[in-house]
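The file query-v7.cif comes next; it holds mmCIF, C-alpha atoms and all ligand atoms.
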```
data_run
#
loop_
_atom_site.label_atom_id
_atom_site.label_comp_id
_atom_site.auth_asym_id
_atom_site.auth_seq_id
_atom_site.Cartn_x
_atom_site.Cartn_y
_atom_site.Cartn_z
CA MET A 1 -15.64 -5.66 32.09
CA ARG A 2 -12.07 -5.82 30.77
CA PRO A 3 -9.61 -6.20 33.65
CA VAL A 4 -6.99 -3.48 34.09
CA ARG A 5 -3.36 -3.76 35.13
CA ILE A 6 -1.93 -0.68 36.81
CA LEU A 7 1.82 -0.28 36.25
CA ALA A 8 3.12 2.32 38.73
CA THR A 9 6.44 3.87 37.71
CA GLY A 10 6.39 6.62 40.36
CA GLY A 11 5.83 10.36 40.09
CA THR A 12 4.00 12.64 42.50
CA ILE A 13 0.93 10.37 42.51
CA ALA A 14 2.95 7.69 44.41
CA MET A 15 4.69 10.11 46.78
CA ALA A 16 4.25 10.66 50.52
CA PRO A 17 5.27 13.59 52.72
CA THR A 18 8.73 13.31 54.32
CA PRO A 19 10.71 15.86 56.41
CA HIS A 20 12.50 16.79 53.14
CA GLY A 21 9.38 17.20 50.99
CA PHE A 22 7.40 14.68 48.92
CA ALA A 23 9.24 11.48 47.97
CA PRO A 24 8.07 8.14 46.50
CA ARG A 25 7.14 5.60 49.17
CA PRO A 26 6.76 1.95 48.08
CA GLY A 27 3.43 0.36 49.02
CA TYR A 28 1.85 3.70 49.97
CA LEU A 29 -0.41 3.92 46.92
CA GLU A 30 -1.73 0.39 47.44
CA GLU A 31 -2.51 1.23 51.09
CA LEU A 32 -4.40 4.38 50.10
CA LEU A 33 -6.41 2.64 47.37
CA ALA A 34 -7.40 -0.15 49.79
CA GLN A 35 -8.76 2.46 52.24
CA ASP A 36 -10.66 4.55 49.68
CA PRO A 37 -14.24 3.29 49.00
CA ARG A 38 -14.23 4.90 45.53
CA PHE A 39 -11.66 2.34 44.41
CA GLN A 40 -13.87 -0.56 45.60
CA HIS A 41 -16.88 0.70 43.60
CA PRO A 42 -18.63 -2.07 41.62
CA GLU A 43 -18.69 0.07 38.45
CA LEU A 44 -14.90 0.09 38.32
CA PRO A 45 -13.18 -2.67 36.33
CA PRO A 46 -11.29 -5.26 38.39
CA PHE A 47 -7.68 -4.09 38.66
CA THR A 48 -4.29 -5.18 39.97
CA LEU A 49 -1.39 -2.89 40.87
CA HIS A 50 2.24 -3.55 40.07
CA GLU A 51 4.81 -1.12 41.47
CA TYR A 52 8.26 -0.86 39.91
CA THR A 53 11.34 -0.78 42.13
CA PRO A 54 12.54 1.82 42.64
CA LEU A 55 9.63 4.21 42.12
CA MET A 56 11.01 7.05 40.02
CA ASP A 57 10.66 10.75 39.55
CA SER A 58 9.91 10.85 35.83
CA ALA A 59 12.73 13.35 35.31
CA THR A 60 15.10 10.38 35.76
CA MET A 61 13.43 8.13 33.19
CA ARG A 62 15.34 6.92 30.14
CA PRO A 63 14.53 5.00 26.91
CA GLU A 64 15.32 1.66 28.60
CA HIS A 65 12.41 2.31 30.99
CA TRP A 66 10.09 2.81 27.99
CA GLN A 67 11.27 -0.54 26.67
CA THR A 68 10.51 -2.30 29.98
CA LEU A 69 7.08 -0.68 30.08
CA ALA A 70 6.37 -1.75 26.47
CA GLN A 71 7.23 -5.34 27.34
CA ASP A 72 5.07 -5.35 30.50
CA ILE A 73 2.18 -3.75 28.62
CA ALA A 74 2.47 -6.43 25.93
CA ALA A 75 2.23 -9.14 28.62
CA ALA A 76 -0.96 -7.55 30.00
CA HIS A 77 -2.27 -7.17 26.43
CA GLU A 78 -1.80 -10.88 25.85
CA ASP A 79 -3.98 -11.53 28.92
CA GLY A 80 -6.68 -9.28 27.42
CA ALA A 81 -6.15 -6.52 29.99
CA GLY A 82 -6.16 -2.76 29.52
CA VAL A 83 -3.26 -0.93 31.15
CA VAL A 84 -2.95 2.20 33.28
CA VAL A 85 0.58 3.58 33.56
CA LEU A 86 1.07 5.78 36.62
CA HIS A 87 3.81 8.23 35.77
CA GLY A 88 5.31 11.54 36.81
CA THR A 89 4.02 14.44 34.78
CA ASP A 90 7.44 15.83 33.80
CA THR A 91 8.22 13.32 31.06
CA MET A 92 4.81 11.69 30.69
CA ALA A 93 4.34 13.05 27.16
CA TYR A 94 7.69 11.52 26.07
CA THR A 95 6.74 8.11 27.50
CA ALA A 96 3.27 8.28 25.94
CA SER A 97 4.79 9.03 22.52
CA ALA A 98 7.51 6.39 22.86
CA LEU A 99 4.93 3.72 23.81
CA ALA A 100 2.77 4.66 20.82
CA PHE A 101 5.69 3.91 18.48
CA LEU A 102 6.98 0.84 20.33
CA LEU A 103 3.54 -0.81 20.49
CA GLU A 104 2.26 -1.29 16.93
CA ASN A 105 -1.28 -2.68 16.47
CA LEU A 106 -2.57 -2.15 20.00
CA HIS A 107 -6.00 -3.71 20.52
CA HIS A 108 -6.60 -2.52 24.08
CA PRO A 109 -6.19 0.90 25.73
CA VAL A 110 -2.96 2.02 27.37
CA VAL A 111 -3.76 5.01 29.59
CA LEU A 112 -1.10 7.19 31.17
CA THR A 113 -1.92 9.37 34.13
CA GLY A 114 -0.41 10.89 37.27
CA SER A 115 -1.12 13.90 39.41
CA GLN A 116 0.14 17.27 40.53
CA LEU A 117 -0.51 16.47 44.23
CA PRO A 118 0.15 13.07 45.87
CA MET A 119 -2.79 10.69 46.29
CA GLY A 120 -2.84 11.17 50.08
CA GLU A 121 -3.12 14.99 50.03
CA LEU A 122 -6.46 16.64 50.84
CA ARG A 123 -6.93 18.48 47.51
CA SER A 124 -5.19 15.87 45.37
CA ASP A 125 -6.13 15.53 41.72
CA ALA A 126 -4.93 11.89 41.84
CA PRO A 127 -8.23 10.12 42.66
CA ASP A 128 -10.11 11.74 39.77
CA ASN A 129 -7.29 11.11 37.32
CA LEU A 130 -6.90 7.47 38.34
CA LEU A 131 -10.66 6.74 38.38
CA ALA A 132 -10.99 8.15 34.86
CA ALA A 133 -7.91 6.23 33.69
CA LEU A 134 -9.31 2.94 35.06
CA LEU A 135 -12.65 3.43 33.34
CA LEU A 136 -10.95 4.28 30.04
CA ALA A 137 -8.50 1.37 30.23
CA ALA A 138 -11.50 -0.99 30.36
CA GLN A 139 -13.07 0.43 27.16
CA PRO A 140 -13.54 -2.04 24.31
CA HIS A 141 -12.89 0.31 21.36
CA LEU A 142 -9.88 2.41 22.34
CA PRO A 143 -6.90 0.75 20.66
CA GLU A 144 -4.26 3.38 21.40
CA VAL A 145 -2.02 5.12 23.93
CA VAL A 146 -3.99 7.81 25.73
CA LEU A 147 -3.04 10.45 28.30
CA VAL A 148 -5.74 11.31 30.82
CA PHE A 149 -5.25 14.31 33.06
CA GLY A 150 -7.29 17.19 34.47
CA HIS A 151 -10.57 15.86 33.03
CA ARG A 152 -9.14 15.65 29.52
CA ILE A 153 -8.63 12.60 27.29
CA LEU A 154 -5.75 13.19 24.89
CA ARG A 155 -3.97 11.10 22.28
CA GLY A 156 -0.66 10.20 23.93
CA CYS A 157 1.57 11.10 20.97
CA ARG A 158 -0.16 14.51 20.60
CA ALA A 159 0.09 15.57 24.24
CA THR A 160 2.54 17.99 25.81
CA LYS A 161 2.95 19.33 29.35
CA VAL A 162 1.94 22.99 29.40
CA ASP A 163 1.56 23.82 33.10
CA ALA A 164 4.14 23.15 35.82
CA SER A 165 1.64 23.29 38.69
CA GLY A 166 -1.95 23.59 37.40
CA PHE A 167 -4.34 20.65 37.49
CA MET A 168 -4.91 20.98 33.71
CA ALA A 169 -1.25 20.23 33.07
CA PHE A 170 -1.47 18.83 29.52
CA ASP A 171 -2.70 20.02 26.17
CA SER A 172 -3.00 18.52 22.71
CA PRO A 173 -2.51 21.62 20.56
CA ASN A 174 -2.86 19.98 17.14
CA TYR A 175 -5.40 17.21 17.68
CA PRO A 176 -8.78 17.44 19.38
CA ASP A 177 -9.55 15.67 22.67
CA LEU A 178 -10.54 12.03 22.12
CA GLY A 179 -13.53 12.44 24.40
CA THR A 180 -14.97 14.31 27.34
CA LEU A 181 -14.85 13.64 31.07
CA GLY A 182 -17.79 15.65 32.32
CA VAL A 183 -20.97 14.31 33.87
CA ARG A 184 -20.61 11.65 31.20
CA LEU A 185 -17.54 9.88 29.94
CA THR A 186 -17.78 10.18 26.17
CA LEU A 187 -15.41 9.01 23.43
CA PHE A 188 -15.65 10.42 19.89
CA ALA A 189 -15.42 7.33 17.68
CA ASP A 190 -14.29 9.31 14.60
CA ARG A 191 -11.23 10.65 16.46
CA LEU A 192 -9.92 7.28 17.65
CA ARG A 193 -7.40 4.97 15.98
CA PRO A 194 -9.05 2.12 14.03
CA MET A 195 -8.98 -1.38 15.52
CA PRO A 196 -6.03 -3.17 13.86
CA GLN A 197 -6.38 -6.54 12.13
CA ALA A 198 -2.80 -7.63 12.75
CA PRO A 199 -1.54 -8.83 16.14
CA LEU A 200 0.38 -6.56 18.52
CA ARG A 201 4.00 -6.02 17.59
CA VAL A 202 6.50 -4.77 20.18
CA HIS A 203 9.48 -2.93 18.69
CA SER A 204 12.90 -2.55 20.26
CA LEU A 205 14.98 0.58 20.61
CA ASN A 206 18.67 0.33 19.81
CA PRO A 207 20.33 1.53 23.06
CA HIS A 208 23.24 3.03 21.08
CA THR A 209 21.10 5.39 18.99
CA GLN A 210 22.03 9.05 19.55
CA VAL A 211 19.51 11.83 18.99
CA GLY A 212 19.24 15.42 20.19
CA VAL A 213 17.17 18.60 20.17
CA VAL A 214 18.38 22.13 19.39
CA ARG A 215 16.23 25.22 19.62
CA LEU A 216 17.13 27.96 17.13
CA PHE A 217 17.68 31.41 18.63
CA PRO A 218 18.70 34.68 17.03
CA GLY A 219 22.48 34.60 16.70
CA ILE A 220 22.93 30.80 16.87
CA SER A 221 26.34 30.03 15.34
CA ALA A 222 27.33 27.48 12.72
CA ALA A 223 30.17 26.37 15.04
CA PHE A 224 27.75 25.59 17.87
CA LEU A 225 25.49 23.60 15.53
CA ALA A 226 28.47 21.80 13.97
CA ASN A 227 29.54 20.66 17.45
CA VAL A 228 26.11 19.24 18.17
CA LEU A 229 25.92 17.51 14.78
CA ARG A 230 29.24 15.71 15.23
CA SER A 231 29.38 11.89 15.27
CA PRO A 232 27.95 9.86 17.00
CA LEU A 233 24.78 11.97 16.60
CA GLN A 234 22.39 10.26 14.14
CA GLY A 235 19.30 12.45 14.38
CA LEU A 236 18.44 15.99 15.42
CA ILE A 237 15.17 17.78 16.07
CA LEU A 238 15.70 21.40 15.05
CA GLU A 239 13.15 23.65 16.75
CA THR A 240 12.64 26.48 14.29
CA TYR A 241 10.61 29.69 14.19
CA GLY A 242 6.94 29.86 13.19
CA MET A 243 6.10 27.72 10.17
CA GLY A 244 9.55 26.17 10.14
CA ASN A 245 11.84 29.10 9.42
CA GLY A 246 15.54 29.65 10.13
CA PRO A 247 18.28 32.16 9.23
CA SER A 248 18.34 31.57 5.46
CA ASP A 249 21.09 34.20 4.94
CA ASP A 250 23.55 32.29 7.14
CA THR A 251 25.36 30.20 4.54
CA ALA A 252 27.77 28.76 7.13
CA LEU A 253 24.88 27.44 9.20
CA LEU A 254 23.04 26.05 6.17
CA GLY A 255 26.28 24.47 4.95
CA THR A 256 26.73 22.78 8.34
CA LEU A 257 23.23 21.31 8.10
CA GLU A 258 23.75 20.21 4.53
CA ARG A 259 27.04 18.45 5.27
CA ALA A 260 25.50 16.69 8.28
CA SER A 261 22.54 15.53 6.18
CA ARG A 262 24.89 14.22 3.50
CA ARG A 263 26.79 12.32 6.20
CA GLY A 264 23.50 10.61 7.10
CA VAL A 265 22.34 12.67 10.08
CA VAL A 266 18.54 12.99 9.94
CA VAL A 267 17.54 16.58 10.78
CA VAL A 268 13.84 17.17 11.47
CA ASN A 269 12.20 20.59 11.45
CA CYS A 270 9.69 21.18 14.29
CA THR A 271 8.21 24.54 15.18
CA GLN A 272 8.85 26.32 18.48
CA CYS A 273 5.19 27.40 18.42
CA LEU A 274 2.81 25.45 20.60
CA ARG A 275 0.10 25.26 17.93
CA GLY A 276 0.27 24.74 14.16
CA GLY A 277 3.08 23.11 12.24
CA VAL A 278 5.92 23.36 9.78
CA ASP A 279 5.43 24.15 6.11
CA GLN A 280 8.91 24.28 4.59
CA GLU A 281 7.51 25.63 1.32
CA GLY A 282 5.76 28.56 3.01
CA TYR A 283 8.70 30.98 3.25
CA ALA A 284 12.15 31.22 1.62
CA THR A 285 13.60 30.89 5.14
CA GLY A 286 11.98 27.46 5.44
CA SER A 287 12.72 26.19 1.93
CA ALA A 288 16.43 26.98 2.52
CA LEU A 289 16.35 24.41 5.33
CA ALA A 290 14.62 21.91 3.04
CA ARG A 291 17.37 22.39 0.43
CA ALA A 292 19.91 21.68 3.18
CA GLY A 293 18.30 18.24 3.63
CA VAL A 294 16.10 19.05 6.63
CA VAL A 295 12.80 17.10 6.65
CA SER A 296 9.51 18.52 7.88
CA GLY A 297 8.18 17.47 11.27
CA GLY A 298 4.74 18.82 10.28
CA ASP A 299 2.62 19.47 13.36
CA MET A 300 4.26 16.88 15.62
CA THR A 301 5.11 17.79 19.18
CA VAL A 302 8.83 17.72 19.94
CA GLU A 303 8.14 14.77 22.26
CA ALA A 304 6.55 12.80 19.42
CA ALA A 305 9.21 13.80 16.88
CA LEU A 306 12.09 12.88 19.18
CA THR A 307 10.74 9.47 20.19
CA LYS A 308 9.72 8.71 16.58
CA LEU A 309 13.25 9.55 15.42
CA LEU A 310 14.73 7.25 18.07
CA PHE A 311 12.29 4.51 17.05
CA LEU A 312 12.93 4.85 13.30
CA LEU A 313 16.71 5.06 13.70
CA SER A 314 16.44 1.78 15.63
CA THR A 315 14.20 0.01 13.14
CA GLU A 316 14.77 1.40 9.60
CA PRO A 317 17.69 0.29 7.41
CA ASN A 318 19.13 3.70 6.45
CA ALA A 319 18.83 7.48 6.83
CA ASP A 320 16.69 7.95 3.69
CA ALA A 321 14.15 5.40 4.95
CA VAL A 322 14.07 7.22 8.32
CA ARG A 323 13.52 10.58 6.55
CA ALA A 324 10.66 9.18 4.47
CA ARG A 325 8.93 7.61 7.49
CA MET A 326 9.38 10.75 9.61
CA GLU A 327 7.14 12.55 7.09
CA GLU A 328 4.45 9.84 7.26
CA ASP A 329 1.75 9.53 9.90
CA LEU A 330 2.44 6.26 11.74
CA ARG A 331 0.29 6.39 14.91
CA GLY A 332 -1.82 9.52 14.53
CA GLU A 333 1.10 11.69 15.68
CA ARG A 334 0.97 14.11 12.73
CA THR A 335 -1.65 15.52 10.41
CA PRO A 336 -1.09 14.24 6.86
CA ALA A 337 0.30 16.95 4.55
CA HIS A 338 -2.19 19.21 2.79
CA PRO A 339 -1.74 22.48 0.87
CA SER A 340 -1.21 25.40 3.23
CA PRO A 341 -4.23 27.75 3.22
CA THR A 342 -2.02 30.86 3.07
CA HIS A 343 0.57 29.63 0.59
CA GLY A 344 -1.24 27.03 -1.48
CA THR A 345 -2.89 27.42 -4.84
CA VAL A 346 -6.42 28.02 -3.51
CA GLU A 347 -8.25 30.50 -5.74
CA PRO A 348 -9.49 33.61 -3.92
CA ALA A 349 -13.25 33.61 -3.47
CA HIS A 350 -15.12 36.08 -5.71
CA LEU A 351 -17.20 38.56 -3.76
N1 LIG B 1 8.78 15.52 39.15
C1 LIG B 1 7.56 14.74 39.16
C2 LIG B 1 7.70 13.66 38.12
O1 LIG B 1 7.61 13.92 36.97
C3 LIG B 1 6.41 15.62 38.89
C4 LIG B 1 5.08 14.94 38.84
O2 LIG B 1 4.92 13.77 39.01
O3 LIG B 1 4.11 15.64 38.58
O4 LIG B 1 7.89 12.53 38.48
#
```

When written as structure tokens, how does the structure in this file appear?
Ligand code: ASP
Amino acid sequence: MRPVRILATGGTIAMAPTPHGFAPRPGYLEELLAQDPRFQHPELPPFTLHEYTPLMDSATMRPEHWQTLAQDIAAAHEDGAGVVVLHGTDTMAYTASALAFLLENLHHPVVLTGSQLPMGELRSDAPDNLLAALLLAAQPHLPEVVLVFGHRILRGCRATKVDASGFMAFDSPNYPDLGTLGVRLTLFADRLRPMPQAPLRVHSLNPHTQVGVVRLFPGISAAFLANVLRSPLQGLILETYGMGNGPSDDTALLGTLERASRRGVVVVNCTQCLRGGVDQEGYATGSALARAGVVSGGDMTVEAALTKLLFLLSTEPNADAVRARMEEDLRGERTPAHPSPTHGTVEPAHL
């Protein structure tokens, strides 16, 4: 069986009770795993545990931590090992997406998991999540970043946190589960990334890249948006209404977007809706944004769109190249464009 390296960044899974509430305690997870017979089971792959110092609440993670993780995963990859990343749930979907972009041509699984209750608590979801993650990280035909949580197996760059306290904390609204974790562990081969021919390539993020996210709301002013779009901002995710709509009658706001785009700021349209995606040709309110230079984020999650933007601004030569690549599917993070069923040219069926 493929060996597995566990990289523990922190999060609730590595926390212990203290007089002030749960807090990360170094070495605690290793102690608990050594005492738990489930983690000595012969059907589990052989694994080693590396704990980062300090263990972090994922709310304090930054892009430089993604870079460190990418490098450590690449080292494990070179040794032929699968990787489990133990991570807080709060920003797990961002890290999963960032790793998918940073690690091109993965041959082995990278599985992120964590828990809503610490490993040592009576009703903890941690043992189940970690056991499933270990089994998946040892799989021979899973060459991608996966997020495993609450008995679900999700593509990392499609996942988003949807529940602050429930055990089913993540969803993948626009891509089906990669498999099932019921009585059997099943993977659906036709939903997985293909095994790459080329060797693994680890990309680097430029630490000076500046990106942001703004959510449209009724009454948003051009002045507010202009402030956000000021230099040194290089890329913005604009969370719009429904299928990618904004206030198309607000010429000041559209002018602000257009001037920013002309200056080289890459503005990406993502929907505020949990499910479905952007179709900038669907409504006049969306096509006005397209004319202002805004590119479609399709059905990407905001986490995927933001980390992809950071990645492309770090690796592509200019804003137009970033815009073009944002609209491509690089790691299975977006559904390739197809005519919209409500606004396309499909002939009505004859009854
Ligand atoms: N705040 C914690 C974190 O993200 C929550 C968790 O682990 O579930 O690190």

Give me, as an NGL selection string, the set of residues whose atoms come within 12 Å of any atom of ligand LIG 1 (chain B), counting all atoms listed in the file. :A and (8-16 or 21-24 or 55-61 or 86-95 or 112-119 or 124-126 or 149 or 161-170)

Mind checking which residues fall within 9 Å of Val202 of chain A, counting all atoms listed in the file, ignoring those fewer than 3 positions away in the same chain, and posting them as a count of residues only? 8

For each of A:Leu257, A:Val214, A:Val146, A:Met195, take the minimum atom-to-atom distance to Ile237 of chain A, counting all atoms listed in the file, then give the residue where this is smallest. A:Val214

Could you please determine the separation between atom CA of Leu154 of chain A and atom CA of Ser172 of chain A in Å, to one decimal place? 6.4 Å

Nearest to Gly242 of chain A: which of A:His203, A:Arg191, A:Arg275, A:His141 is it, counting only C-alpha atoms?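 Ranking A:His203, A:Arg191, A:Arg275, A:His141 by distance to Gly242 of chain A, first place goes to A:Arg275.
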
Show me, as a list in words, the residues that have an atom within 9 Å of Pro3 of chain A when counting only C-alpha atoms, minus same-chain residues fewer than 3 positions from it.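 What passes the distance filter is Pro45, Pro46, Phe47, Thr48, Gly80, Ala81, Gly82, Val83, Ala137 and Ala138 of chain A.
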
What lies within 6 Å of segment 306-318 of chain A using only C-alpha atoms, ignoring chain neighbours under 4 positions off, as a CSV table (one decimal) with C-alpha atoms, keeping the file's coordinate frame?
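Output (selection_14.csv):
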```csv
chain,number,residue,atom,x,y,z
A,98,ALA,CA,7.5,6.4,22.9
A,205,LEU,CA,15.0,0.6,20.6
A,206,ASN,CA,18.7,0.3,19.8
A,302,VAL,CA,8.8,17.7,19.9
A,322,VAL,CA,14.1,7.2,8.3
```

Coordinates-based distance that separates atom CA of His77 of chain A from atom CA of Thr180 of chain A (Å, one decimal):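 Calculated distance between atom CA of Thr180 of chain A and atom CA of His77 of chain A is 25.0 Å.
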
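Nearest to Pro140 of chain A of all the residues A:Met1, A:Cys157, A:Leu29, A:Ile6 is A:Met1, counting all atoms listed in the file.
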
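Take atom CA of Gln234 of chain A and atom CA of Pro218 of chain A: the distance between them is 24.9 Å.
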
Pick from A:Asn174, A:Pro194, A:Asp320, A:Gln67 nearest to Gly298 of chain A, counting all atoms listed in the file: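 Among the listed residues, the smallest separation from Gly298 of chain A belongs to A:Asn174.
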
Could you give me, as a PyMOL selection string, the residues within 10 Å of Gly276 of chain A, counting all atoms listed in the file and dropping anything in the same chain fewer than 2 positions from it? chain A and resi 173-174+242-243+271-274+278-279+298-301

Would you mind telling me which residue in A:Met326, A:Val228, A:Val148, A:Ala321 lies nearest to Val213 of chain A when using only C-alpha atoms?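 Looking at the shortest contact to Val213 of chain A, the residue is A:Val228.
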
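Proximity to Leu238 of chain A was assessed for A:Ala324, A:Leu135, A:Ala319, A:Cys270 counting all atoms listed in the file; the smallest distance is recorded for A:Cys270.
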
Because some atoms of segment 21-36 of chain A are absent here, can you restore N, CA, C and O atoms and send them as an mmCIF file, in the frame of the given file?
```cif
data_model
loop_
_atom_site.group_PDB
_atom_site.id
_atom_site.type_symbol
_atom_site.label_atom_id
_atom_site.label_comp_id
_atom_site.auth_asym_id
_atom_site.auth_seq_id
_atom_site.Cartn_x
_atom_site.Cartn_y
_atom_site.Cartn_z
ATOM 1 N N GLY A 21 10.297 16.985 52.120
ATOM 2 C CA GLY A 21 9.380 17.200 50.990
ATOM 3 C C GLY A 21 8.839 15.869 50.503
ATOM 4 O O GLY A 21 9.155 14.813 51.059
ATOM 5 N N PHE A 22 8.014 15.919 49.439
ATOM 6 C CA PHE A 22 7.400 14.680 48.920
ATOM 7 C C PHE A 22 8.464 13.770 48.317
ATOM 8 O O PHE A 22 9.369 14.242 47.615
ATOM 9 N N ALA A 23 8.332 12.466 48.580
ATOM 10 C CA ALA A 23 9.240 11.480 47.970
ATOM 11 C C ALA A 23 8.446 10.187 47.768
ATOM 12 O O ALA A 23 7.514 9.896 48.523
ATOM 13 N N PRO A 24 8.805 9.395 46.737
ATOM 14 C CA PRO A 24 8.070 8.140 46.500
ATOM 15 C C PRO A 24 8.198 7.208 47.699
ATOM 16 O O PRO A 24 9.275 7.098 48.282
ATOM 17 N N ARG A 25 7.086 6.573 48.075
ATOM 18 C CA ARG A 25 7.140 5.600 49.170
ATOM 19 C C ARG A 25 6.505 4.290 48.689
ATOM 20 O O ARG A 25 5.293 4.255 48.412
ATOM 21 N N PRO A 26 7.296 3.222 48.582
ATOM 22 C CA PRO A 26 6.760 1.950 48.080
ATOM 23 C C PRO A 26 5.594 1.464 48.938
ATOM 24 O O PRO A 26 5.628 1.573 50.163
ATOM 25 N N GLY A 27 4.580 0.947 48.307
ATOM 26 C CA GLY A 27 3.430 0.360 49.020
ATOM 27 C C GLY A 27 2.388 1.378 49.462
ATOM 28 O O GLY A 27 1.251 1.004 49.792
ATOM 29 N N TYR A 28 2.736 2.658 49.436
ATOM 30 C CA TYR A 28 1.850 3.700 49.970
ATOM 31 C C TYR A 28 0.564 3.816 49.132
ATOM 32 O O TYR A 28 -0.545 3.891 49.660
ATOM 33 N N LEU A 29 0.742 3.771 47.820
ATOM 34 C CA LEU A 29 -0.410 3.920 46.920
ATOM 35 C C LEU A 29 -1.400 2.764 47.136
ATOM 36 O O LEU A 29 -2.617 2.985 47.216
ATOM 37 N N GLU A 30 -0.881 1.569 47.239
ATOM 38 C CA GLU A 30 -1.730 0.390 47.440
ATOM 39 C C GLU A 30 -2.534 0.539 48.746
ATOM 40 O O GLU A 30 -3.739 0.260 48.770
ATOM 41 N N GLU A 31 -1.845 1.001 49.791
ATOM 42 C CA GLU A 31 -2.510 1.230 51.090
ATOM 43 C C GLU A 31 -3.664 2.230 50.933
ATOM 44 O O GLU A 31 -4.775 1.985 51.401
ATOM 45 N N LEU A 32 -3.378 3.341 50.249
ATOM 46 C CA LEU A 32 -4.400 4.380 50.100
ATOM 47 C C LEU A 32 -5.595 3.883 49.283
ATOM 48 O O LEU A 32 -6.751 4.163 49.613
ATOM 49 N N LEU A 33 -5.313 3.140 48.215
ATOM 50 C CA LEU A 33 -6.410 2.640 47.370
ATOM 51 C C LEU A 33 -7.274 1.654 48.144
ATOM 52 O O LEU A 33 -8.503 1.641 47.994
ATOM 53 N N ALA A 34 -6.643 0.850 49.009
ATOM 54 C CA ALA A 34 -7.400 -0.150 49.790
ATOM 55 C C ALA A 34 -8.331 0.543 50.791
ATOM 56 O O ALA A 34 -9.392 0.013 51.136
ATOM 57 N N GLN A 35 -7.939 1.750 51.240
ATOM 58 C CA GLN A 35 -8.760 2.460 52.240
ATOM 59 C C GLN A 35 -9.857 3.325 51.623
ATOM 60 O O GLN A 35 -10.718 3.823 52.323
ATOM 61 N N ASP A 36 -9.763 3.579 50.308
ATOM 62 C CA ASP A 36 -10.660 4.550 49.680
ATOM 63 C C ASP A 36 -11.847 3.818 49.029
ATOM 64 O O ASP A 36 -11.662 3.063 48.064
#
```
